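This is protein.txt. It holds compact mmCIF, C-alpha atoms.
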```
# COMPACT_ATOMS: atom_id res chain seq x y z
CA MET A 1 -126.14 84.09 -126.23
CA GLU A 2 -124.90 81.56 -123.68
CA GLU A 3 -127.84 79.31 -124.54
CA THR A 4 -126.86 79.38 -128.23
CA VAL A 5 -123.23 78.56 -127.46
CA LEU A 6 -124.17 75.67 -125.17
CA LYS A 7 -126.73 74.30 -127.63
CA TYR A 8 -124.64 74.47 -130.80
CA GLY A 9 -121.03 74.74 -129.53
CA GLY A 10 -120.29 71.03 -129.85
CA TYR A 11 -121.62 70.93 -133.41
CA TYR A 12 -119.56 74.01 -134.26
CA LEU A 13 -116.33 72.37 -133.10
CA LEU A 14 -117.18 69.17 -134.97
CA PHE A 15 -117.97 70.91 -138.27
CA SER A 16 -114.97 73.24 -137.92
CA VAL A 17 -112.62 70.25 -137.60
CA ILE A 18 -114.26 68.44 -140.54
CA LEU A 19 -114.14 71.47 -142.85
CA PHE A 20 -110.63 72.40 -141.78
CA PHE A 21 -109.34 68.98 -142.82
CA LEU A 22 -111.41 69.13 -145.99
CA PHE A 23 -109.93 72.49 -147.06
CA ARG A 24 -106.54 72.31 -145.30
CA LYS A 25 -104.60 71.80 -148.57
CA PHE A 26 -106.02 75.05 -149.93
CA LEU A 27 -105.16 77.14 -146.84
CA LEU A 28 -101.87 79.05 -147.02
CA SER A 29 -101.62 79.50 -143.24
CA VAL A 30 -103.74 80.33 -140.20
CA PHE A 31 -103.71 83.92 -141.52
CA ASP A 32 -105.28 82.92 -144.82
CA PRO A 33 -108.50 85.01 -145.25
CA PHE A 34 -110.22 81.87 -146.54
CA LEU A 35 -110.13 80.49 -142.99
CA PHE A 36 -112.93 82.98 -142.28
CA VAL A 37 -115.02 81.26 -144.98
CA VAL A 38 -114.36 77.86 -143.37
CA LEU A 39 -115.57 79.20 -140.00
CA MET A 40 -118.58 80.81 -141.69
CA MET A 41 -119.57 77.50 -143.27
CA SER A 42 -119.01 75.63 -139.98
CA SER A 43 -121.22 78.11 -138.17
CA SER A 44 -123.95 77.85 -140.80
CA LEU A 45 -123.93 74.05 -140.52
CA CYS A 46 -124.12 74.02 -136.74
CA LEU A 47 -126.90 76.61 -136.53
CA SER A 48 -129.02 74.73 -139.08
CA VAL A 49 -128.45 71.23 -137.70
CA ASP A 50 -131.91 71.15 -136.12
CA SER A 51 -133.80 72.20 -139.26
CA SER A 52 -135.02 70.65 -142.52
CA ILE A 53 -132.69 72.88 -144.56
CA PHE A 54 -129.56 71.36 -142.99
CA HIS A 55 -129.22 68.86 -145.83
CA TYR A 56 -129.32 71.64 -148.42
CA VAL A 57 -126.59 73.58 -146.54
CA ALA A 58 -124.40 70.47 -146.23
CA ILE A 59 -124.79 69.52 -149.92
CA SER A 60 -124.14 73.12 -151.02
CA ILE A 61 -120.94 73.31 -148.98
CA PHE A 62 -119.79 69.98 -150.42
CA SER A 63 -120.63 71.29 -153.90
CA PHE A 64 -118.55 74.39 -153.10
CA TYR A 65 -115.68 72.08 -152.09
CA LEU A 66 -115.96 70.22 -155.41
CA GLY A 67 -115.46 73.55 -157.16
CA PHE A 68 -112.19 73.99 -155.26
CA LYS A 69 -111.22 70.41 -155.99
CA CYS A 70 -111.68 70.92 -159.75
CA ILE A 71 -109.23 73.85 -159.78
CA GLY A 72 -106.64 72.12 -157.59
CA VAL A 73 -104.11 73.34 -155.04
CA PRO A 74 -102.21 76.49 -156.11
CA LYS A 75 -98.41 76.46 -156.14
CA ARG A 76 -96.52 79.56 -155.07
CA SER A 77 -94.43 81.19 -157.77
CA LYS A 78 -90.71 81.07 -156.95
CA LEU A 79 -89.55 83.05 -159.98
CA LYS A 80 -87.64 86.09 -158.74
CA ILE A 81 -87.14 89.22 -160.83
CA ASP A 82 -84.42 91.83 -160.92
CA TYR A 83 -86.59 94.95 -160.78
CA PHE A 84 -90.20 96.03 -160.22
CA VAL A 85 -92.20 97.95 -162.80
CA ASP A 86 -94.13 101.05 -161.63
CA LEU A 87 -92.74 101.00 -158.10
CA ARG A 88 -92.69 104.82 -158.03
CA LEU A 89 -96.35 104.93 -159.15
CA LEU A 90 -97.26 102.69 -156.22
CA GLU A 91 -95.26 104.93 -153.86
CA ILE A 92 -97.05 108.09 -155.02
CA PHE A 93 -100.49 106.46 -154.86
CA THR A 94 -99.84 105.03 -151.39
CA LEU A 95 -98.68 108.33 -149.94
CA LEU A 96 -101.68 110.21 -151.39
CA PHE A 97 -104.16 107.58 -150.21
CA PHE A 98 -102.57 107.32 -146.76
CA SER A 99 -102.67 111.12 -146.37
CA LEU A 100 -106.40 111.12 -147.19
CA PHE A 101 -107.07 108.20 -144.82
CA PHE A 102 -105.02 109.78 -142.02
CA PHE A 103 -106.70 113.19 -142.21
CA VAL A 104 -110.27 111.85 -142.43
CA SER A 105 -109.50 109.61 -139.44
CA ILE A 106 -108.21 112.58 -137.46
CA PHE A 107 -111.38 114.47 -138.45
CA ILE A 108 -113.57 111.63 -137.09
CA PHE A 109 -111.49 111.42 -133.89
CA LYS A 110 -111.84 115.17 -133.38
CA THR A 111 -115.60 115.35 -134.05
CA ALA A 112 -116.82 112.04 -132.58
CA GLY A 113 -114.00 110.90 -130.29
CA ILE A 114 -111.67 107.90 -130.45
CA PRO A 115 -113.71 104.65 -130.67
CA LEU A 116 -111.08 102.54 -128.84
CA LEU A 117 -111.28 104.83 -125.79
CA SER A 118 -115.08 104.91 -125.76
CA GLU A 119 -117.28 102.77 -123.53
CA ASN A 120 -118.24 100.49 -126.42
CA PRO A 121 -115.60 100.44 -129.24
CA SER A 122 -117.67 98.26 -131.61
CA GLU A 123 -120.68 100.55 -131.42
CA ALA A 124 -118.62 103.73 -131.50
CA LYS A 125 -116.75 102.81 -134.70
CA THR A 126 -120.08 102.76 -136.60
CA SER A 127 -122.00 105.51 -134.77
CA SER A 128 -119.12 107.96 -135.37
CA PHE A 129 -120.37 108.46 -138.91
CA VAL A 130 -123.24 110.94 -138.97
CA GLU A 131 -125.30 112.14 -141.92
CA GLY A 132 -123.12 113.67 -144.62
CA THR A 133 -119.99 111.67 -143.74
CA GLY A 134 -120.87 108.52 -145.70
CA TRP A 135 -117.99 109.15 -148.11
CA ILE A 136 -115.57 109.21 -145.15
CA ARG A 137 -116.91 105.85 -144.00
CA ARG A 138 -116.32 104.43 -147.48
CA ILE A 139 -112.74 105.75 -147.53
CA ILE A 140 -112.05 104.06 -144.18
CA PHE A 141 -113.61 100.79 -145.40
CA LEU A 142 -111.38 100.93 -148.50
CA SER A 143 -108.29 101.52 -146.37
CA GLY A 144 -107.72 97.75 -146.39
CA PHE A 145 -105.83 98.42 -149.62
CA LEU A 146 -103.22 100.43 -147.70
CA PRO A 147 -101.55 97.50 -145.87
CA VAL A 148 -101.31 95.75 -149.26
CA CYS A 149 -99.44 98.71 -150.77
CA LEU A 150 -97.34 99.34 -147.66
CA SER A 151 -96.32 95.69 -147.36
CA ILE A 152 -95.04 95.69 -150.95
CA LEU A 153 -93.19 98.97 -150.44
CA LEU A 154 -91.70 97.78 -147.15
CA ILE A 155 -90.29 94.76 -149.00
CA ALA A 156 -89.46 96.17 -152.44
CA SER A 157 -88.55 99.82 -151.80
CA LYS A 158 -85.18 101.07 -150.62
CA LYS A 159 -86.96 103.37 -148.12
CA LYS A 160 -87.81 100.56 -145.71
CA LEU A 161 -87.60 102.62 -142.51
CA PHE A 162 -89.88 105.29 -143.95
CA TYR A 163 -92.57 102.86 -145.10
CA GLY A 164 -92.18 100.86 -141.90
CA PHE A 165 -93.04 104.06 -140.01
CA ILE A 166 -96.05 104.72 -142.30
CA PHE A 167 -97.21 101.14 -141.73
CA PHE A 168 -96.92 101.71 -137.96
CA LEU A 169 -99.02 104.89 -138.21
CA TYR A 170 -101.66 103.06 -140.24
CA ALA A 171 -101.83 100.22 -137.71
CA LEU A 172 -102.05 102.72 -134.83
CA VAL A 173 -104.95 104.60 -136.44
CA ALA A 174 -106.70 101.29 -137.24
CA ILE A 175 -106.37 100.23 -133.59
CA LEU A 176 -107.69 103.59 -132.34
CA GLN A 177 -110.71 103.08 -134.59
CA GLY A 178 -111.50 100.01 -132.49
CA SER A 179 -111.36 97.74 -135.53
CA LYS A 180 -110.37 94.19 -134.59
CA SER A 181 -110.91 92.98 -138.15
CA GLY A 182 -108.72 95.78 -139.53
CA LEU A 183 -105.88 94.76 -137.23
CA ILE A 184 -106.17 91.09 -138.17
CA LEU A 185 -106.41 92.03 -141.86
CA SER A 186 -103.12 93.97 -141.68
CA ILE A 187 -101.34 90.97 -140.15
CA SER A 188 -102.88 88.57 -142.66
CA ILE A 189 -101.83 90.75 -145.60
CA PHE A 190 -98.27 91.14 -144.41
CA TRP A 191 -98.04 87.40 -143.66
CA TYR A 192 -99.24 86.66 -147.20
CA PHE A 193 -96.33 88.66 -148.63
CA TYR A 194 -93.94 87.15 -146.09
CA GLN A 195 -94.73 83.70 -147.51
CA GLN A 196 -94.49 84.77 -151.17
CA ASN A 197 -90.82 84.20 -151.99
CA ASN A 198 -91.10 85.72 -155.48
CA ILE A 199 -91.36 89.28 -154.15
CA TRP A 200 -88.34 89.10 -151.85
CA LYS A 201 -85.22 90.30 -153.63
CA ASP A 202 -81.83 89.26 -152.24
CA SER A 203 -81.36 92.77 -150.82
CA SER A 204 -84.52 92.33 -148.72
CA LEU A 205 -83.70 88.96 -147.18
CA ARG A 206 -82.11 90.61 -144.13
CA LEU A 207 -85.47 92.23 -143.38
CA LYS A 208 -87.14 88.83 -143.66
CA ARG A 209 -84.72 87.36 -141.10
CA ILE A 210 -85.43 90.26 -138.70
CA ILE A 211 -89.18 89.74 -139.09
CA ARG A 212 -88.80 86.01 -138.43
CA SER A 213 -86.96 86.71 -135.18
CA LYS A 214 -89.35 89.44 -133.98
CA ILE A 215 -92.71 88.15 -135.23
CA LYS A 216 -93.60 86.55 -131.88
CA TYR A 217 -93.49 89.93 -130.12
CA PHE A 218 -95.68 91.52 -132.77
CA LEU A 219 -98.21 88.71 -132.48
CA LEU A 220 -98.27 89.04 -128.68
CA ILE A 221 -98.99 92.78 -128.92
CA THR A 222 -101.72 92.13 -131.49
CA ALA A 223 -103.29 89.40 -129.34
CA PHE A 224 -103.20 91.74 -126.32
CA VAL A 225 -105.00 94.53 -128.21
CA PHE A 226 -107.56 92.11 -129.67
CA ILE A 227 -108.32 90.43 -126.33
CA SER A 228 -108.54 93.83 -124.58
CA ILE A 229 -111.22 95.03 -127.01
CA VAL A 230 -113.17 91.76 -126.71
CA LEU A 231 -113.00 91.81 -122.90
CA LYS A 232 -114.12 95.43 -122.79
CA GLU A 233 -117.09 94.65 -125.02
CA SER A 234 -118.05 91.57 -122.98
CA VAL A 235 -118.03 93.63 -119.76
CA ILE A 236 -120.26 96.27 -121.37
CA GLU A 237 -122.66 93.56 -122.61
CA ASN A 238 -122.51 91.86 -119.19
CA GLN A 239 -121.42 88.59 -120.80
CA ASP A 240 -118.89 85.93 -119.88
CA PRO A 241 -115.73 86.60 -122.00
CA ILE A 242 -115.39 82.95 -123.08
CA PHE A 243 -119.02 82.77 -124.20
CA SER A 244 -118.65 86.16 -125.86
CA VAL A 245 -115.68 85.02 -127.99
CA ALA A 246 -117.38 81.69 -128.80
CA PHE A 247 -120.57 83.46 -129.89
CA ARG A 248 -118.65 85.85 -132.14
CA LEU A 249 -117.04 82.88 -133.89
CA MET A 250 -120.41 81.21 -134.33
CA GLU A 251 -121.97 84.50 -135.43
CA PHE A 252 -120.32 84.25 -138.87
CA GLY A 253 -123.20 82.03 -139.98
CA ASP A 254 -125.97 83.67 -137.97
CA VAL A 255 -128.08 83.96 -141.14
CA MET A 256 -129.22 80.38 -140.48
CA LEU A 257 -130.87 81.42 -137.21
CA TYR A 258 -133.43 83.17 -139.40
CA TYR A 259 -133.37 81.39 -142.75
CA LYS A 260 -133.93 77.93 -141.26
CA MET A 261 -137.44 79.06 -140.29
CA PRO A 262 -140.06 77.93 -142.87
CA ASP A 263 -141.96 81.25 -142.65
CA VAL A 264 -138.80 83.20 -143.48
CA ARG A 265 -138.04 81.01 -146.51
CA LEU A 266 -141.64 81.38 -147.66
CA PHE A 267 -141.24 85.17 -147.45
CA PHE A 268 -138.64 85.04 -150.27
CA SER A 269 -140.48 82.50 -152.45
CA ASN A 270 -141.50 85.19 -154.98
CA LEU A 271 -137.88 86.09 -155.87
CA ASN A 272 -136.30 84.51 -158.95
CA PHE A 273 -133.34 84.47 -161.34
CA PHE A 274 -133.97 88.02 -162.65
CA ASP A 275 -134.24 89.46 -159.14
CA PHE A 276 -130.74 88.13 -158.45
CA PHE A 277 -129.16 90.71 -160.76
CA LEU A 278 -131.32 93.54 -159.40
CA TYR A 279 -130.20 92.76 -155.84
CA GLU A 280 -126.60 92.07 -156.85
CA PHE A 281 -126.09 95.50 -158.42
CA ASN A 282 -128.57 97.45 -156.29
CA GLY A 283 -125.81 99.20 -154.32
CA ILE A 284 -124.36 100.67 -157.52
CA LEU A 285 -127.67 101.42 -159.23
CA GLY A 286 -129.02 102.97 -156.03
CA MET A 287 -126.01 105.25 -155.58
CA LEU A 288 -126.34 106.36 -159.21
CA ARG A 289 -130.07 107.02 -158.55
CA ILE A 290 -131.04 104.67 -161.41
CA MET A 291 -133.29 102.73 -159.02
CA ASP A 292 -134.32 102.86 -155.38
CA TYR A 293 -132.26 101.12 -152.72
CA TYR A 294 -133.60 97.72 -151.67
CA GLU A 295 -133.63 96.65 -148.07
CA PRO A 296 -130.80 94.13 -147.59
CA LEU A 297 -131.95 90.51 -147.67
CA GLY A 298 -130.66 89.99 -144.13
CA TYR A 299 -132.79 92.87 -142.84
CA GLN A 300 -135.83 91.47 -144.63
CA MET A 301 -135.17 88.13 -142.93
CA VAL A 302 -135.18 89.73 -139.50
CA LYS A 303 -138.45 91.52 -140.28
CA ALA A 304 -140.03 88.31 -141.60
CA PHE A 305 -138.81 86.42 -138.51
CA TRP A 306 -140.42 88.92 -136.14
CA ASN A 307 -143.40 89.39 -138.47
CA THR A 308 -143.25 93.18 -138.40
CA SER A 309 -143.04 95.91 -141.04
CA SER A 310 -140.23 97.91 -139.39
CA LEU A 311 -137.50 97.34 -136.83
CA PHE A 312 -134.92 99.22 -134.83
CA ASP A 313 -136.15 102.73 -135.71
CA ASP A 314 -135.16 102.34 -139.38
CA VAL A 315 -131.59 101.28 -138.58
CA VAL A 316 -130.69 98.63 -141.14
CA LEU A 317 -129.56 95.52 -139.29
CA GLY A 318 -129.46 91.88 -140.26
CA PRO A 319 -127.17 88.93 -140.99
CA ASN A 320 -125.05 88.52 -144.11
CA THR A 321 -126.69 86.29 -146.71
CA VAL A 322 -123.88 83.81 -147.45
CA PHE A 323 -123.56 82.30 -150.92
CA PHE A 324 -125.65 79.15 -150.41
CA VAL A 325 -128.51 81.17 -148.86
CA ARG A 326 -128.53 83.61 -151.79
CA GLY A 327 -128.43 80.62 -154.13
CA HIS A 328 -131.47 79.08 -152.46
CA ILE A 329 -133.41 82.38 -152.47
CA PHE A 330 -132.91 83.16 -156.16
CA PHE A 331 -132.36 79.75 -157.79
CA GLY A 332 -134.10 77.21 -155.55
CA TYR A 333 -132.73 73.95 -154.13
CA ILE A 334 -131.04 72.47 -157.23
CA GLY A 335 -130.04 75.85 -158.64
CA GLY A 336 -128.62 76.85 -155.24
CA VAL A 337 -126.39 73.76 -155.12
CA PHE A 338 -125.11 74.48 -158.64
CA TYR A 339 -124.58 78.17 -157.70
CA SER A 340 -122.49 77.04 -154.71
CA TYR A 341 -120.37 74.92 -157.05
CA LEU A 342 -119.81 77.92 -159.35
CA MET A 343 -118.86 80.09 -156.37
CA GLY A 344 -116.32 77.48 -155.25
CA LEU A 345 -114.96 77.21 -158.79
CA SER A 346 -114.66 81.00 -159.17
CA ALA A 347 -113.10 81.56 -155.74
CA ALA A 348 -110.55 78.75 -156.22
CA TYR A 349 -109.67 79.94 -159.73
CA LEU A 350 -109.07 83.53 -158.58
CA ARG A 351 -106.99 82.39 -155.63
CA LYS A 352 -104.88 80.15 -157.86
CA ILE A 353 -104.20 82.91 -160.41
CA ILE A 354 -103.15 85.41 -157.74
CA ILE A 355 -101.03 83.02 -155.64
CA GLU A 356 -99.17 81.81 -158.76
CA TRP A 357 -98.83 85.30 -160.28
CA GLU A 358 -95.34 86.20 -161.53
CA VAL A 359 -94.67 89.67 -160.12
CA LYS A 360 -93.60 92.28 -162.64
CA ASN A 361 -95.79 95.34 -162.37
CA VAL A 362 -96.15 95.92 -158.61
CA PHE A 363 -99.23 98.13 -158.91
CA VAL A 364 -101.13 95.42 -160.79
CA TYR A 365 -99.88 92.90 -158.22
CA ALA A 366 -101.15 95.10 -155.36
CA LEU A 367 -104.60 95.21 -156.99
CA LEU A 368 -104.63 91.42 -157.41
CA VAL A 369 -103.70 90.81 -153.77
CA TYR A 370 -106.45 93.20 -152.68
CA VAL A 371 -108.92 91.14 -154.75
CA PHE A 372 -107.51 88.01 -153.07
CA PHE A 373 -108.48 89.40 -149.67
CA GLN A 374 -111.90 90.50 -150.97
CA ILE A 375 -112.91 86.96 -152.02
CA PRO A 376 -114.40 86.14 -148.56
CA THR A 377 -116.53 89.30 -148.85
CA PHE A 378 -118.09 88.00 -152.06
CA LEU A 379 -118.81 84.65 -150.44
CA LYS A 380 -120.24 86.30 -147.33
CA GLU A 381 -122.38 88.92 -149.13
CA SER A 382 -121.76 89.10 -152.88
CA SER A 383 -123.75 92.34 -153.38
CA GLN A 384 -121.53 93.99 -150.75
CA GLY A 385 -118.46 92.75 -152.63
CA VAL A 386 -119.75 94.23 -155.90
CA SER A 387 -120.45 97.56 -154.18
CA SER A 388 -116.99 97.55 -152.57
CA LEU A 389 -115.26 97.11 -155.93
CA PHE A 390 -117.38 99.91 -157.40
CA ASP A 391 -116.47 102.16 -154.43
CA PHE A 392 -112.83 101.24 -155.00
CA LEU A 393 -112.99 102.50 -158.59
CA PHE A 394 -115.16 105.51 -157.75
CA TYR A 395 -113.18 106.84 -154.77
CA LEU A 396 -109.64 105.60 -155.46
CA GLY A 397 -109.78 106.01 -159.25
CA PRO A 398 -109.19 109.80 -159.04
CA ILE A 399 -106.25 109.24 -156.65
CA PHE A 400 -104.77 106.79 -159.16
CA LEU A 401 -105.17 109.28 -162.04
CA ILE A 402 -103.49 112.02 -159.99
CA SER A 403 -100.68 109.58 -159.09
CA LEU A 404 -100.31 108.62 -162.76
CA PHE A 405 -100.07 112.28 -163.75
CA ILE A 406 -97.43 113.00 -161.10
CA ASN A 407 -95.46 109.90 -162.06
CA GLU A 408 -95.48 110.77 -165.78
CA SER A 409 -94.49 114.37 -164.98
CA LEU A 410 -91.53 113.12 -162.95
CA LYS A 411 -90.50 110.87 -165.86
CA VAL A 412 -90.56 113.85 -168.25
CA PHE A 413 -88.62 115.98 -165.76
CA THR A 414 -86.01 113.24 -165.24
CA ASN A 415 -85.59 112.66 -168.99
CA SER A 416 -85.23 116.39 -169.66
CA ARG A 417 -82.48 116.61 -167.06
CA LYS A 418 -80.64 113.73 -168.72
CA ILE A 419 -80.89 115.47 -172.12
CA ASN A 420 -79.59 118.76 -170.69
CA LEU A 421 -76.54 117.00 -169.28
CA TYR A 422 -75.43 116.01 -172.79
CA GLU A 423 -76.18 119.37 -174.46
```
Would you write out, as structure tokens, the structure that this file holds?
Amino acid sequence: MEETVLKYGGYYLLFSVILFFLFRKFLLSVFDPFLFVVLMMSSSLCLSVDSSIFHYVAISIFSFYLGFKCIGVPKRSKLKIDYFVDLRLLEIFTLLFFSLFFFVSIFIFKTAGIPLLSENPSEAKTSSFVEGTGWIRRIIFLSGFLPVCLSILLIASKKKLFYGFIFFLYALVAILQGSKSGLILSISIFWYFYQQNNIWKDSSLRLKRIIRSKIKYFLLITAFVFISIVLKESVIENQDPIFSVAFRLMEFGDVMLYYKMPDVRLFFSNLNFFDFFLYEFNGILGMLRIMDYYEPLGYQMVKAFWNTSSLFDDVVLGPNTVFFVRGHIFFGYIGGVFYSYLMGLSAAYLRKIIIEWEVKNVFVYALLVYVFFQIPTFLKESSQGVSSLFDFLFYLGPIFLISLFINESLKVFTNSRKINLYE
């Protein structure tokens, strides 16, 4: 690890600065989830700088940038509205989903212990899920939608103290799960709403002033928790903390450690355009038992690199196959560059639509913001993004239908009471 940091660290800093200035106009803030994509591309460039595929990676990233450039810089909507449609539906859904998330988390804590308090939090948060609890793992992965809903309710609802308390409980459970990314995601989501002036009604501006005055304390607490987890992990791994943090930042593009090897690229030479769709939707088709699960491309890379038929006692491990790597595998050099351009075009277009969205129906808005924060997942591992959206519909769809039924029943009950008053 230290050797990798020392060898490529300078390149990583150089490419990070270059890409940051290239994409700075498109970044909303340092909490913008797209910053992760910038770091991922910087890491991929630095780790491939000593290989023949470096030029392909550089051209693909520039092609991706051209896609962003074609769409242009989004402008935040400043149009304020007097009321929010379906606010009660969002409240019902959020409370039902939070209750499910809270109780399954307590179940995991009770059966497997609290990951944060374990010897290795990062390992414990994944090993806690044993056979038969896969659905619980999916619920916890989907819980990133909760801070979206809670942020909107904290701003738009009159029950600010109540939803502030629920938000605190969610953050506490996320921390106990040892999830650094979950903690950062919650901050990023809330900061996104903090910057969107169109959702802040005049009655909520006092809350915004309080947040502005107290945000530094919240950030200090978050930094303390994050650094504590990182330091604990570095001690367990017997690594220098500075090198450990640096390696984790460079690890975003670790796919290039494998894919830059000619033998690994040759291993995938038989895949083509049609295989792209089979791999892209394999997670859904496999769960529905329409076809067998494929080994993830990243796992296949690791096996090809070590030239062995199995690794790690059948535990599926491997790097994420970022968009330009997938493009090269399925479409070749020229096709991969064009695929990178389309990914940049699509990502920029989605971001622009969501950032400029005029808020009316808050439930639809919550879904759009969730998609906004899922865009990096598609760029990191598009098949994982497709599976996540399917899981979202499969697991949260029933909760939405129950919420819709309760909401409509309350409407009927309220209307009947109004009629009785005039009889």
Between atom CA of A:Phe98 and atom CA of A:Gln195, what distance in Å does the model show, to one decimal? 24.9 Å
Test item: residues at most 12 Å from A:Phe165, all atoms listed in the file, excluding those fewer than 4 positions along its chain, as a PyMOL selection string: chain A and resi 150-151+153-154+159-161+169-172
Could you take the residues named above and write them with C-alpha atoms, as a PDB file, in the coordinates of the input?
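Generated output (out13.pdb):
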```
ATOM      1  CA  LEU A 150     -97.340  99.340-147.660  1.00  0.00           C
ATOM      2  CA  SER A 151     -96.320  95.690-147.360  1.00  0.00           C
ATOM      3  CA  LEU A 153     -93.190  98.970-150.440  1.00  0.00           C
ATOM      4  CA  LEU A 154     -91.700  97.780-147.150  1.00  0.00           C
ATOM      5  CA  LYS A 159     -86.960 103.370-148.120  1.00  0.00           C
ATOM      6  CA  LYS A 160     -87.810 100.560-145.710  1.00  0.00           C
ATOM      7  CA  LEU A 161     -87.600 102.620-142.510  1.00  0.00           C
ATOM      8  CA  LEU A 169     -99.020 104.890-138.210  1.00  0.00           C
ATOM      9  CA  TYR A 170    -101.660 103.060-140.240  1.00  0.00           C
ATOM     10  CA  ALA A 171    -101.830 100.220-137.710  1.00  0.00           C
ATOM     11  CA  LEU A 172    -102.050 102.720-134.830  1.00  0.00           C
TER      12      LEU A 172
END
```
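Counting all atoms listed in the file, the residue from A:Ala366, A:Gly385, A:Val37, A:Pro296 that sits nearest to A:Phe190 is A:Ala366.
From atom CA of A:Met250 back to atom CA of A:Asp263, the distance works out to 23.1 Å.
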Of the candidates A:Tyr194, A:Phe324, A:Gly286, A:Ser269, which one gets nearest to A:Tyr341 if we count all atoms listed in the file?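 For A:Tyr341, the nearest of the candidates is A:Phe324.
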Å distance separating atom CA of A:Ser44 from atom CA of A:Tyr8, one decimal place: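 It comes out at 10.6 Å.
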Non-local contacts of A:Phe34 (9 Å; only C-alpha atoms; under 5 positions in same chain excluded) as a list in words: Phe26, Leu27, Leu28, Leu39, Phe373, Ile375 and Pro376 of chain A
Write out as a ChimeraX atom specification each polymer residue whose atoms come within 8 Å of stretch 302-308 of chain A, counting all atoms listed in the file; drop sequence neighbours fewer than 3 positions from it. /A:258,261,263-264,267,298-299,311,318
Within 7 Å of stretch 47-50 of chain A using all atoms listed in the file, minus same-chain residues under 3 positions, as a VMD selection string: chain A and resid 8 43 to 44 53 to 54 256 to 257 260
